[in-house]
file model-v4.pdb (PDB, C-alpha atoms, pLDDT in the B column)
ATOM      1  CA  MET A 212     147.585  16.716 166.860  1.00 48.00           C
ATOM      2  CA  THR A 213     147.326  13.406 165.080  1.00 66.00           C
ATOM      3  CA  GLU A 214     144.719  12.262 162.624  1.00 85.00           C
ATOM      4  CA  GLU A 215     141.276  11.522 164.075  1.00 89.00           C
ATOM      5  CA  LYS A 216     139.871   8.071 163.371  1.00 91.00           C
ATOM      6  CA  VAL A 217     136.168   7.217 163.369  1.00 92.00           C
ATOM      7  CA  ILE A 218     134.560   3.836 163.971  1.00 93.00           C
ATOM      8  CA  VAL A 219     130.829   3.541 163.394  1.00 92.00           C
ATOM      9  CA  LEU A 220     129.285   0.776 165.474  1.00 92.00           C
ATOM     10  CA  LYS A 221     126.279  -1.213 164.343  1.00 90.00           C
ATOM     11  CA  PRO A 222     124.871  -2.249 167.723  1.00 88.00           C
ATOM     12  CA  LYS A 223     122.531  -5.196 167.959  1.00 90.00           C
ATOM     13  CA  ARG A 224     120.964  -5.850 171.338  1.00 90.00           C
ATOM     14  CA  GLN A 225     121.723  -9.568 171.126  1.00 91.00           C
ATOM     15  CA  ASP A 226     125.469  -8.944 170.702  1.00 91.00           C
ATOM     16  CA  PHE A 227     125.534  -6.941 173.936  1.00 91.00           C
ATOM     17  CA  GLU A 228     123.232  -9.360 175.802  1.00 91.00           C
ATOM     18  CA  ASP A 229     125.468 -12.301 174.911  1.00 90.00           C
ATOM     19  CA  ILE A 230     128.332 -10.562 176.700  1.00 91.00           C
ATOM     20  CA  TYR A 231     126.541  -8.907 179.617  1.00 91.00           C
ATOM     21  CA  PHE A 232     124.473 -11.965 180.558  1.00 91.00           C
ATOM     22  CA  SER A 233     127.039 -14.693 179.886  1.00 89.00           C
ATOM     23  CA  GLY A 234     127.760 -17.107 182.723  1.00 86.00           C
ATOM     24  CA  ASN A 235     124.369 -16.661 184.439  1.00 87.00           C
ATOM     25  CA  GLU A 236     125.172 -12.982 185.164  1.00 88.00           C
ATOM     26  CA  GLY A 237     121.494 -12.042 184.967  1.00 88.00           C
ATOM     27  CA  ASN A 238     120.203 -14.942 187.045  1.00 92.00           C
ATOM     28  CA  LEU A 239     118.972 -13.627 190.392  1.00 93.00           C
ATOM     29  CA  PHE A 240     119.755 -16.742 192.436  1.00 95.00           C
ATOM     30  CA  PHE A 241     122.684 -18.320 190.603  1.00 94.00           C
ATOM     31  CA  SER A 242     124.706 -15.417 189.235  1.00 94.00           C
ATOM     32  CA  PRO A 243     128.355 -15.357 190.317  1.00 93.00           C
ATOM     33  CA  THR A 244     127.378 -12.731 192.915  1.00 92.00           C
ATOM     34  CA  THR A 245     124.551 -14.730 194.509  1.00 96.00           C
ATOM     35  CA  ARG A 246     125.389 -18.412 193.876  1.00 96.00           C
ATOM     36  CA  GLY A 247     127.357 -18.990 197.096  1.00 96.00           C
ATOM     37  CA  LYS A 248     124.798 -17.169 199.224  1.00 97.00           C
ATOM     38  CA  THR A 249     121.939 -19.131 197.630  1.00 97.00           C
ATOM     39  CA  ILE A 250     123.616 -22.484 198.284  1.00 97.00           C
ATOM     40  CA  THR A 251     124.492 -21.507 201.870  1.00 98.00           C
ATOM     41  CA  THR A 252     120.915 -20.382 202.526  1.00 98.00           C
ATOM     42  CA  ILE A 253     119.537 -23.652 201.140  1.00 98.00           C
ATOM     43  CA  VAL A 254     121.925 -25.757 203.255  1.00 98.00           C
ATOM     44  CA  VAL A 255     121.165 -23.813 206.449  1.00 98.00           C
ATOM     45  CA  GLY A 256     117.451 -24.008 205.611  1.00 97.00           C
ATOM     46  CA  LEU A 257     117.661 -27.798 205.241  1.00 97.00           C
ATOM     47  CA  ILE A 258     119.499 -28.096 208.567  1.00 95.00           C
ATOM     48  CA  LEU A 259     116.845 -25.915 210.212  1.00 95.00           C
ATOM     49  CA  PHE A 260     114.075 -28.032 208.652  1.00 95.00           C
ATOM     50  CA  ILE A 261     115.672 -31.256 209.915  1.00 93.00           C
ATOM     51  CA  LEU A 262     116.140 -29.790 213.399  1.00 90.00           C
ATOM     52  CA  PHE A 263     112.550 -28.574 213.385  1.00 89.00           C
ATOM     53  CA  CYS A 264     111.292 -32.042 212.420  1.00 90.00           C
ATOM     54  CA  PHE A 265     113.210 -33.569 215.336  1.00 86.00           C
ATOM     55  CA  LYS A 266     112.616 -30.760 217.849  1.00 84.00           C
ATOM     56  CA  ASP A 267     110.637 -33.091 220.134  1.00 83.00           C
ATOM     57  CA  ASP A 268     113.716 -35.308 220.482  1.00 81.00           C
ATOM     58  CA  LEU A 269     115.935 -32.392 221.585  1.00 76.00           C
ATOM     59  CA  SER A 270     116.547 -31.964 225.282  1.00 79.00           C
ATOM     60  CA  LYS A 271     115.953 -28.583 226.911  1.00 76.00           C
ATOM     61  CA  GLU A 272     119.697 -27.940 226.996  1.00 77.00           C
ATOM     62  CA  LYS A 273     120.060 -28.561 223.236  1.00 79.00           C
ATOM     63  CA  PHE A 274     116.973 -26.563 222.265  1.00 81.00           C
ATOM     64  CA  GLY A 275     119.218 -23.471 221.871  1.00 85.00           C
ATOM     65  CA  ILE A 276     120.673 -25.080 218.753  1.00 89.00           C
ATOM     66  CA  LEU A 277     117.303 -24.601 217.049  1.00 90.00           C
ATOM     67  CA  TYR A 278     117.339 -20.896 217.914  1.00 91.00           C
ATOM     68  CA  PHE A 279     120.945 -20.526 216.762  1.00 94.00           C
ATOM     69  CA  VAL A 280     120.303 -22.217 213.398  1.00 95.00           C
ATOM     70  CA  SER A 281     117.142 -20.100 212.995  1.00 96.00           C
ATOM     71  CA  PHE A 282     119.275 -16.992 213.515  1.00 97.00           C
ATOM     72  CA  LEU A 283     121.824 -18.252 210.958  1.00 97.00           C
ATOM     73  CA  PHE A 284     119.048 -18.895 208.448  1.00 98.00           C
ATOM     74  CA  LEU A 285     117.677 -15.393 208.953  1.00 98.00           C
ATOM     75  CA  LEU A 286     121.148 -13.931 208.503  1.00 98.00           C
ATOM     76  CA  CYS A 287     121.709 -15.938 205.311  1.00 97.00           C
ATOM     77  CA  THR A 288     118.380 -14.838 203.836  1.00 98.00           C
ATOM     78  CA  VAL A 289     119.162 -11.178 204.564  1.00 98.00           C
ATOM     79  CA  TYR A 290     122.551 -11.412 202.824  1.00 97.00           C
ATOM     80  CA  LEU A 291     120.980 -13.301 199.927  1.00 97.00           C
ATOM     81  CA  SER A 292     118.238 -10.702 199.524  1.00 97.00           C
ATOM     82  CA  LEU A 293     120.832  -7.890 199.482  1.00 97.00           C
ATOM     83  CA  SER A 294     122.776  -9.697 196.753  1.00 96.00           C
ATOM     84  CA  ILE A 295     119.619 -10.368 194.753  1.00 96.00           C
ATOM     85  CA  ASN A 296     118.744  -6.675 195.009  1.00 97.00           C
ATOM     86  CA  LYS A 297     122.215  -5.750 193.728  1.00 96.00           C
ATOM     87  CA  VAL A 298     121.919  -8.105 190.740  1.00 95.00           C
ATOM     88  CA  SER A 299     118.392  -6.872 190.030  1.00 96.00           C
ATOM     89  CA  ARG A 300     119.494  -3.206 189.985  1.00 96.00           C
ATOM     90  CA  TRP A 301     122.445  -4.061 187.723  1.00 94.00           C
ATOM     91  CA  LYS A 302     120.160  -5.968 185.381  1.00 95.00           C
ATOM     92  CA  LYS A 303     117.730  -3.021 185.168  1.00 95.00           C
ATOM     93  CA  GLN A 304     120.586  -0.645 184.365  1.00 93.00           C
ATOM     94  CA  VAL A 305     121.876  -2.954 181.636  1.00 92.00           C
ATOM     95  CA  ASN A 306     118.399  -3.338 180.150  1.00 93.00           C
ATOM     96  CA  ARG A 307     117.915   0.448 180.190  1.00 92.00           C
ATOM     97  CA  TYR A 308     121.252   0.850 178.378  1.00 88.00           C
ATOM     98  CA  LEU A 309     120.359  -1.876 175.869  1.00 90.00           C
ATOM     99  CA  LYS A 310     117.034  -0.132 175.202  1.00 90.00           C
ATOM    100  CA  SER A 311     118.930   3.084 174.418  1.00 86.00           C
ATOM    101  CA  LEU A 312     121.108   1.113 171.998  1.00 86.00           C
ATOM    102  CA  GLU A 313     118.049  -0.258 170.200  1.00 85.00           C
ATOM    103  CA  ASP A 314     116.797   3.289 169.652  1.00 83.00           C
ATOM    104  CA  SER A 315     120.188   4.639 168.592  1.00 86.00           C
ATOM    105  CA  LYS A 316     120.638   6.289 165.225  1.00 88.00           C
ATOM    106  CA  ILE A 317     124.294   7.204 165.766  1.00 89.00           C
ATOM    107  CA  TYR A 318     126.879   5.202 167.680  1.00 92.00           C
ATOM    108  CA  GLU A 319     130.395   6.130 166.794  1.00 93.00           C
ATOM    109  CA  LEU A 320     133.840   6.265 168.319  1.00 94.00           C
ATOM    110  CA  ARG A 321     136.199   9.120 167.470  1.00 93.00           C
ATOM    111  CA  PHE A 322     139.761   9.010 168.690  1.00 93.00           C
ATOM    112  CA  ASN A 323     143.320  10.058 168.114  1.00 90.00           C
ATOM    113  CA  ASN A 324     146.468   9.645 170.205  1.00 88.00           C
ATOM    114  CA  GLU A 325     145.197  12.068 172.867  1.00 90.00           C
ATOM    115  CA  ILE A 326     141.413  11.762 173.151  1.00 92.00           C
ATOM    116  CA  PHE A 327     138.641   9.171 172.980  1.00 93.00           C
ATOM    117  CA  ASN A 328     135.104  10.310 172.189  1.00 93.00           C
ATOM    118  CA  VAL A 329     131.933   8.194 172.219  1.00 93.00           C
ATOM    119  CA  ASN A 330     128.890   9.617 170.439  1.00 92.00           C
ATOM    120  CA  LEU A 331     125.582   7.875 171.123  1.00 90.00           C
ATOM    121  CA  ASN A 332     122.666   9.799 169.572  1.00 88.00           C
ATOM    122  CA  HIS A 333     124.517  13.104 169.839  1.00 86.00           C
ATOM    123  CA  GLN A 334     125.274  12.558 173.543  1.00 89.00           C
ATOM    124  CA  GLU A 335     129.030  12.714 173.555  1.00 90.00           C
ATOM    125  CA  GLU A 336     131.418  11.582 176.263  1.00 92.00           C
ATOM    126  CA  LEU A 337     134.942  12.885 175.818  1.00 92.00           C
ATOM    127  CA  SER A 338     137.883  11.326 177.643  1.00 91.00           C
ATOM    128  CA  LYS A 339     141.614  11.518 177.507  1.00 92.00           C
ATOM    129  CA  TRP A 340     143.396   8.215 177.160  1.00 92.00           C
ATOM    130  CA  GLU A 341     145.006   8.780 180.547  1.00 91.00           C
ATOM    131  CA  ASP A 342     141.516   8.782 182.140  1.00 91.00           C
ATOM    132  CA  PHE A 343     141.261   5.037 181.494  1.00 91.00           C
ATOM    133  CA  LYS A 344     142.808   2.884 184.197  1.00 91.00           C
ATOM    134  CA  GLU A 345     142.123  -0.609 182.859  1.00 92.00           C
ATOM    135  CA  PHE A 346     141.092  -2.350 179.684  1.00 93.00           C
ATOM    136  CA  ASP A 347     140.158  -5.864 178.650  1.00 94.00           C
ATOM    137  CA  ILE A 348     140.521  -7.104 175.097  1.00 94.00           C
ATOM    138  CA  ASN A 349     139.460 -10.595 174.076  1.00 93.00           C
ATOM    139  CA  ASP A 350     137.851 -12.415 171.141  1.00 92.00           C
ATOM    140  CA  GLN A 351     134.334 -11.166 171.979  1.00 93.00           C
ATOM    141  CA  PHE A 352     134.671  -7.557 173.138  1.00 94.00           C
ATOM    142  CA  ILE A 353     136.797  -4.620 174.198  1.00 94.00           C
ATOM    143  CA  ALA A 354     136.125  -3.114 177.622  1.00 94.00           C
ATOM    144  CA  LEU A 355     137.485   0.185 178.929  1.00 94.00           C
ATOM    145  CA  GLU A 356     137.297   1.283 182.572  1.00 93.00           C
ATOM    146  CA  GLY A 357     138.034   4.712 183.939  1.00 89.00           C
ATOM    147  CA  LYS A 358     136.201   8.027 184.000  1.00 87.00           C
ATOM    148  CA  PHE A 359     133.566   6.318 181.858  1.00 89.00           C
ATOM    149  CA  ASN A 360     133.161   2.562 181.380  1.00 90.00           C
ATOM    150  CA  TYR A 361     132.578   1.091 177.944  1.00 91.00           C
ATOM    151  CA  MET A 362     132.144  -2.298 176.349  1.00 93.00           C
ATOM    152  CA  PHE A 363     132.227  -2.715 172.573  1.00 94.00           C
ATOM    153  CA  PRO A 364     131.335  -6.130 171.098  1.00 94.00           C
ATOM    154  CA  LYS A 365     133.509  -7.353 168.264  1.00 94.00           C
ATOM    155  CA  LYS A 366     130.348  -8.218 166.297  1.00 94.00           C
ATOM    156  CA  SER A 367     129.288  -4.544 166.271  1.00 92.00           C
ATOM    157  CA  MET A 368     132.198  -3.447 164.089  1.00 93.00           C
ATOM    158  CA  SER A 369     134.276  -4.652 161.176  1.00 93.00           C
ATOM    159  CA  LYS A 370     137.389  -6.755 161.771  1.00 94.00           C
ATOM    160  CA  GLY A 371     139.607  -3.900 160.591  1.00 94.00           C
ATOM    161  CA  ASP A 372     137.923  -1.418 162.946  1.00 94.00           C
ATOM    162  CA  TYR A 373     138.237  -3.886 165.837  1.00 94.00           C
ATOM    163  CA  ASP A 374     141.944  -4.373 165.159  1.00 94.00           C
ATOM    164  CA  LEU A 375     142.477  -0.603 164.837  1.00 93.00           C
ATOM    165  CA  LEU A 376     140.738   0.048 168.172  1.00 93.00           C
ATOM    166  CA  LYS A 377     142.676  -2.777 169.813  1.00 93.00           C
ATOM    167  CA  GLN A 378     146.025  -1.404 168.600  1.00 92.00           C
ATOM    168  CA  THR A 379     145.131   2.144 169.629  1.00 92.00           C
ATOM    169  CA  ILE A 380     144.103   1.045 173.131  1.00 93.00           C
ATOM    170  CA  ASN A 381     147.252  -1.047 173.597  1.00 91.00           C
ATOM    171  CA  LYS A 382     149.355   1.934 172.505  1.00 90.00           C
ATOM    172  CA  ASN A 383     147.588   4.651 174.537  1.00 88.00           C
ATOM    173  CA  ILE A 384     146.579   3.036 177.844  1.00 86.00           C
ATOM    174  CA  LYS A 385     149.260   2.154 180.346  1.00 73.00           C
ATOM    175  CA  GLU A 386     148.207  -0.525 182.836  1.00 58.00           C
TER     176      GLU A 386
END
call {"tool": "encode", "arguments": {"input": "model-v4.pdb", "output": "structure tokens"}}
result
Amino acid sequence: MTEEKVIVLKPKRQDFEDIYFSGNEGNLFFSPTTRGKTITTIVVGLILFILFCFKDDLSKEKFGILYFVSFLFLLCTVYLSLSINKVSRWKKQVNRYLKSLEDSKIYELRFNNEIFNVNLNHQEELSKWEDFKEFDINDQFIALEGKFNYMFPKKSMSKGDYDLLKQTINKNIKE
């Protein structure tokens, strides 16, 4: 067994929020998940409004267009509301997690060449490196996806610890 390394994180809520909510992620109507549906719903709503304003000018044969566009608008609003619900649930989960970070006394990573252990207030999650399927390393954070999903902001640890974690992940996770 190789030597175990320990990284103690100093989590600040703002560091995590900057990453989780970047790019309008937390915005209910214009997050990447809902933006297209919001714009489509607005466009179909405008078309329906225009048709409704000119409904007296429509012949009986063309009156079905109003019903069809009304159906499209209803469909768009249902899909939009489902997406908004998804973003809202995600946002609540993130806020719950961020609240647990604010109250944390211990947040440390323990790892060697075989295992990766996250300890948050004595609630430990133990994984083998092979349990992780993907990782993302950039200038702001390190993200691990697999049995458990993690995101560690660069600002929450020293530069040396960040580089050590980055090297260990590159060495132990095969993409």
call {"tool": "resolve_selection", "arguments": {"input": "model-v4.pdb", "expression": "the PyMOL selection byres ((chain A and resi 355) around 10)", "output": "VMD selection string"}}
result
chain A and resid 343 to 348 353 to 354 356 to 363 380 384
call {"tool": "residues_around", "arguments": {"input": "model-v4.pdb", "residues": "stretch 310-319 of chain A", "least_positions_apart": "5", "cutoff": "9 Å", "atoms": "only C-alpha atoms", "output": "PyMOL selection string"}}
result
chain A and resi 217-224+305+328-333
call {"tool": "atom_distance", "arguments": {"input": "model-v4.pdb", "atom1": "atom CA of A:Ser294", "atom2": "atom CA of A:Leu239"}}
result
8.4 Å
call {"tool": "residues_around", "arguments": {"input": "model-v4.pdb", "residues": "A:Ile276", "least_positions_apart": "2", "cutoff": "12 Å", "atoms": "only C-alpha atoms", "output": "VMD selection string"}}
result
chain A and resid 258 to 259 261 to 263 265 to 266 269 to 274 278 to 283
call {"tool": "axis_aligned_box", "arguments": {"input": "model-v4.pdb", "around": "stretch 302-309 of chain A", "padding_each_side": "4 Å", "output": "AutoDock Vina command-line options"}}
result
--center_x 119.8 --center_y -2.6 --center_z 180.6 --size_x 12.1 --size_y 14.8 --size_z 17.5
call {"tool": "residues_around", "arguments": {"input": "model-v4.pdb", "residues": "A:Asp374", "least_positions_apart": "2", "cutoff": "12 Å", "atoms": "all atoms listed in the file", "output": "VMD selection string"}}
result
chain A and resid 218 348 to 350 352 to 353 365 368 to 372 376 to 381
call {"tool": "closest_residue", "arguments": {"input": "model-v4.pdb", "among": "A:Glu236, A:Tyr373, A:Glu341, A:Ile253", "to": "A:Ile326", "atoms": "only C-alpha atoms"}}
result
A:Glu341
call {"tool": "build_atoms", "arguments": {"input": "model-v4.pdb", "residues": "stretch 258-269 of chain A", "atoms": "all heavy atoms", "output": "JSON list (two decimals), keeping the file's coordinate frame"}}
result
[["chain", "number", "residue", "atom", "x", "y", "z"],
["A", 258, "ILE", "N", 119.11, -27.75, 207.19],
["A", 258, "ILE", "CA", 119.50, -28.10, 208.57],
["A", 258, "ILE", "C", 118.42, -27.64, 209.55],
["A", 258, "ILE", "O", 118.03, -28.39, 210.45],
["A", 258, "ILE", "CB", 120.87, -27.48, 208.92],
["A", 258, "ILE", "CG1", 121.97, -28.15, 208.10],
["A", 258, "ILE", "CG2", 121.16, -27.61, 210.41],
["A", 258, "ILE", "CD1", 123.32, -27.46, 208.17],
["A", 259, "LEU", "N", 117.91, -26.43, 209.35],
["A", 259, "LEU", "CA", 116.84, -25.92, 210.21],
["A", 259, "LEU", "C", 115.58, -26.78, 210.09],
["A", 259, "LEU", "O", 114.95, -27.10, 211.10],
["A", 259, "LEU", "CB", 116.53, -24.47, 209.85],
["A", 259, "LEU", "CG", 115.42, -23.79, 210.66],
["A", 259, "LEU", "CD1", 115.82, -23.73, 212.14],
["A", 259, "LEU", "CD2", 115.14, -22.40, 210.12],
["A", 260, "PHE", "N", 115.25, -27.19, 208.87],
["A", 260, "PHE", "CA", 114.08, -28.03, 208.65],
["A", 260, "PHE", "C", 114.23, -29.38, 209.37],
["A", 260, "PHE", "O", 113.30, -29.85, 210.03],
["A", 260, "PHE", "CB", 113.85, -28.25, 207.15],
["A", 260, "PHE", "CG", 112.70, -29.15, 206.84],
["A", 260, "PHE", "CD1", 111.39, -28.71, 207.01],
["A", 260, "PHE", "CD2", 112.92, -30.45, 206.41],
["A", 260, "PHE", "CE1", 110.33, -29.55, 206.72],
["A", 260, "PHE", "CE2", 111.86, -31.29, 206.12],
["A", 260, "PHE", "CZ", 110.56, -30.84, 206.28],
["A", 261, "ILE", "N", 115.43, -29.97, 209.25],
["A", 261, "ILE", "CA", 115.67, -31.26, 209.92],
["A", 261, "ILE", "C", 115.59, -31.10, 211.44],
["A", 261, "ILE", "O", 114.97, -31.92, 212.13],
["A", 261, "ILE", "CB", 117.04, -31.84, 209.49],
["A", 261, "ILE", "CG1", 116.98, -32.26, 208.01],
["A", 261, "ILE", "CG2", 117.46, -33.01, 210.37],
["A", 261, "ILE", "CD1", 118.32, -32.59, 207.39],
["A", 262, "LEU", "N", 116.21, -30.04, 211.95],
["A", 262, "LEU", "CA", 116.14, -29.79, 213.40],
["A", 262, "LEU", "C", 114.71, -29.55, 213.85],
["A", 262, "LEU", "O", 114.29, -30.02, 214.91],
["A", 262, "LEU", "CB", 117.01, -28.58, 213.79],
["A", 262, "LEU", "CG", 118.51, -28.80, 213.83],
["A", 262, "LEU", "CD1", 119.23, -27.48, 214.07],
["A", 262, "LEU", "CD2", 118.86, -29.81, 214.93],
["A", 263, "PHE", "N", 113.94, -28.84, 213.04],
["A", 263, "PHE", "CA", 112.55, -28.57, 213.38],
["A", 263, "PHE", "C", 111.72, -29.86, 213.40],
["A", 263, "PHE", "O", 110.84, -30.02, 214.24],
["A", 263, "PHE", "CB", 111.96, -27.55, 212.40],
["A", 263, "PHE", "CG", 110.64, -27.01, 212.84],
["A", 263, "PHE", "CD1", 110.56, -26.10, 213.90],
["A", 263, "PHE", "CD2", 109.46, -27.41, 212.22],
["A", 263, "PHE", "CE1", 109.34, -25.59, 214.31],
["A", 263, "PHE", "CE2", 108.24, -26.91, 212.62],
["A", 263, "PHE", "CZ", 108.17, -26.00, 213.67],
["A", 264, "CYS", "N", 112.02, -30.76, 212.45],
["A", 264, "CYS", "CA", 111.29, -32.04, 212.42],
["A", 264, "CYS", "C", 111.58, -32.88, 213.66],
["A", 264, "CYS", "O", 110.72, -33.63, 214.12],
["A", 264, "CYS", "CB", 111.68, -32.83, 211.17],
["A", 264, "CYS", "SG", 110.99, -32.14, 209.65],
["A", 265, "PHE", "N", 112.82, -32.77, 214.18],
["A", 265, "PHE", "CA", 113.21, -33.57, 215.34],
["A", 265, "PHE", "C", 113.27, -32.75, 216.62],
["A", 265, "PHE", "O", 113.95, -33.12, 217.58],
["A", 265, "PHE", "CB", 114.57, -34.24, 215.09],
["A", 265, "PHE", "CG", 114.54, -35.25, 213.98],
["A", 265, "PHE", "CD1", 115.14, -34.99, 212.76],
["A", 265, "PHE", "CD2", 113.88, -36.46, 214.15],
["A", 265, "PHE", "CE1", 115.11, -35.93, 211.74],
["A", 265, "PHE", "CE2", 113.84, -37.40, 213.13],
["A", 265, "PHE", "CZ", 114.45, -37.13, 211.92],
["A", 266, "LYS", "N", 112.54, -31.63, 216.67],
["A", 266, "LYS", "CA", 112.62, -30.76, 217.85],
["A", 266, "LYS", "C", 112.09, -31.45, 219.11],
["A", 266, "LYS", "O", 112.53, -31.15, 220.22],
["A", 266, "LYS", "CB", 111.88, -29.45, 217.61],
["A", 266, "LYS", "CG", 110.38, -29.56, 217.59],
["A", 266, "LYS", "CD", 109.75, -28.22, 217.43],
["A", 266, "LYS", "CE", 108.25, -28.48, 217.43],
["A", 266, "LYS", "NZ", 107.46, -27.36, 217.26],
["A", 267, "ASP", "N", 111.17, -32.40, 218.95],
["A", 267, "ASP", "CA", 110.64, -33.09, 220.13],
["A", 267, "ASP", "C", 111.68, -34.00, 220.77],
["A", 267, "ASP", "O", 111.60, -34.31, 221.96],
["A", 267, "ASP", "CB", 109.40, -33.91, 219.75],
["A", 267, "ASP", "CG", 108.26, -33.01, 219.28],
["A", 267, "ASP", "OD1", 108.21, -31.83, 219.72],
["A", 267, "ASP", "OD2", 107.43, -33.47, 218.47],
["A", 268, "ASP", "N", 112.66, -34.43, 219.97],
["A", 268, "ASP", "CA", 113.72, -35.31, 220.48],
["A", 268, "ASP", "C", 114.86, -34.53, 221.14],
["A", 268, "ASP", "O", 115.74, -35.13, 221.74],
["A", 268, "ASP", "CB", 114.29, -36.17, 219.35],
["A", 268, "ASP", "CG", 113.24, -37.13, 218.78],
["A", 268, "ASP", "OD1", 112.25, -37.40, 219.48],
["A", 268, "ASP", "OD2", 113.42, -37.59, 217.64],
["A", 269, "LEU", "N", 114.86, -33.20, 220.99],
["A", 269, "LEU", "CA", 115.94, -32.39, 221.58],
["A", 269, "LEU", "C", 115.66, -32.16, 223.07],
["A", 269, "LEU", "O", 114.53, -31.90, 223.47],
["A", 269, "LEU", "CB", 116.04, -31.03, 220.88],
["A", 269, "LEU", "CG", 116.52, -31.02, 219.44],
["A", 269, "LEU", "CD1", 116.44, -29.61, 218.87],
["A", 269, "LEU", "CD2", 117.94, -31.54, 219.33]]
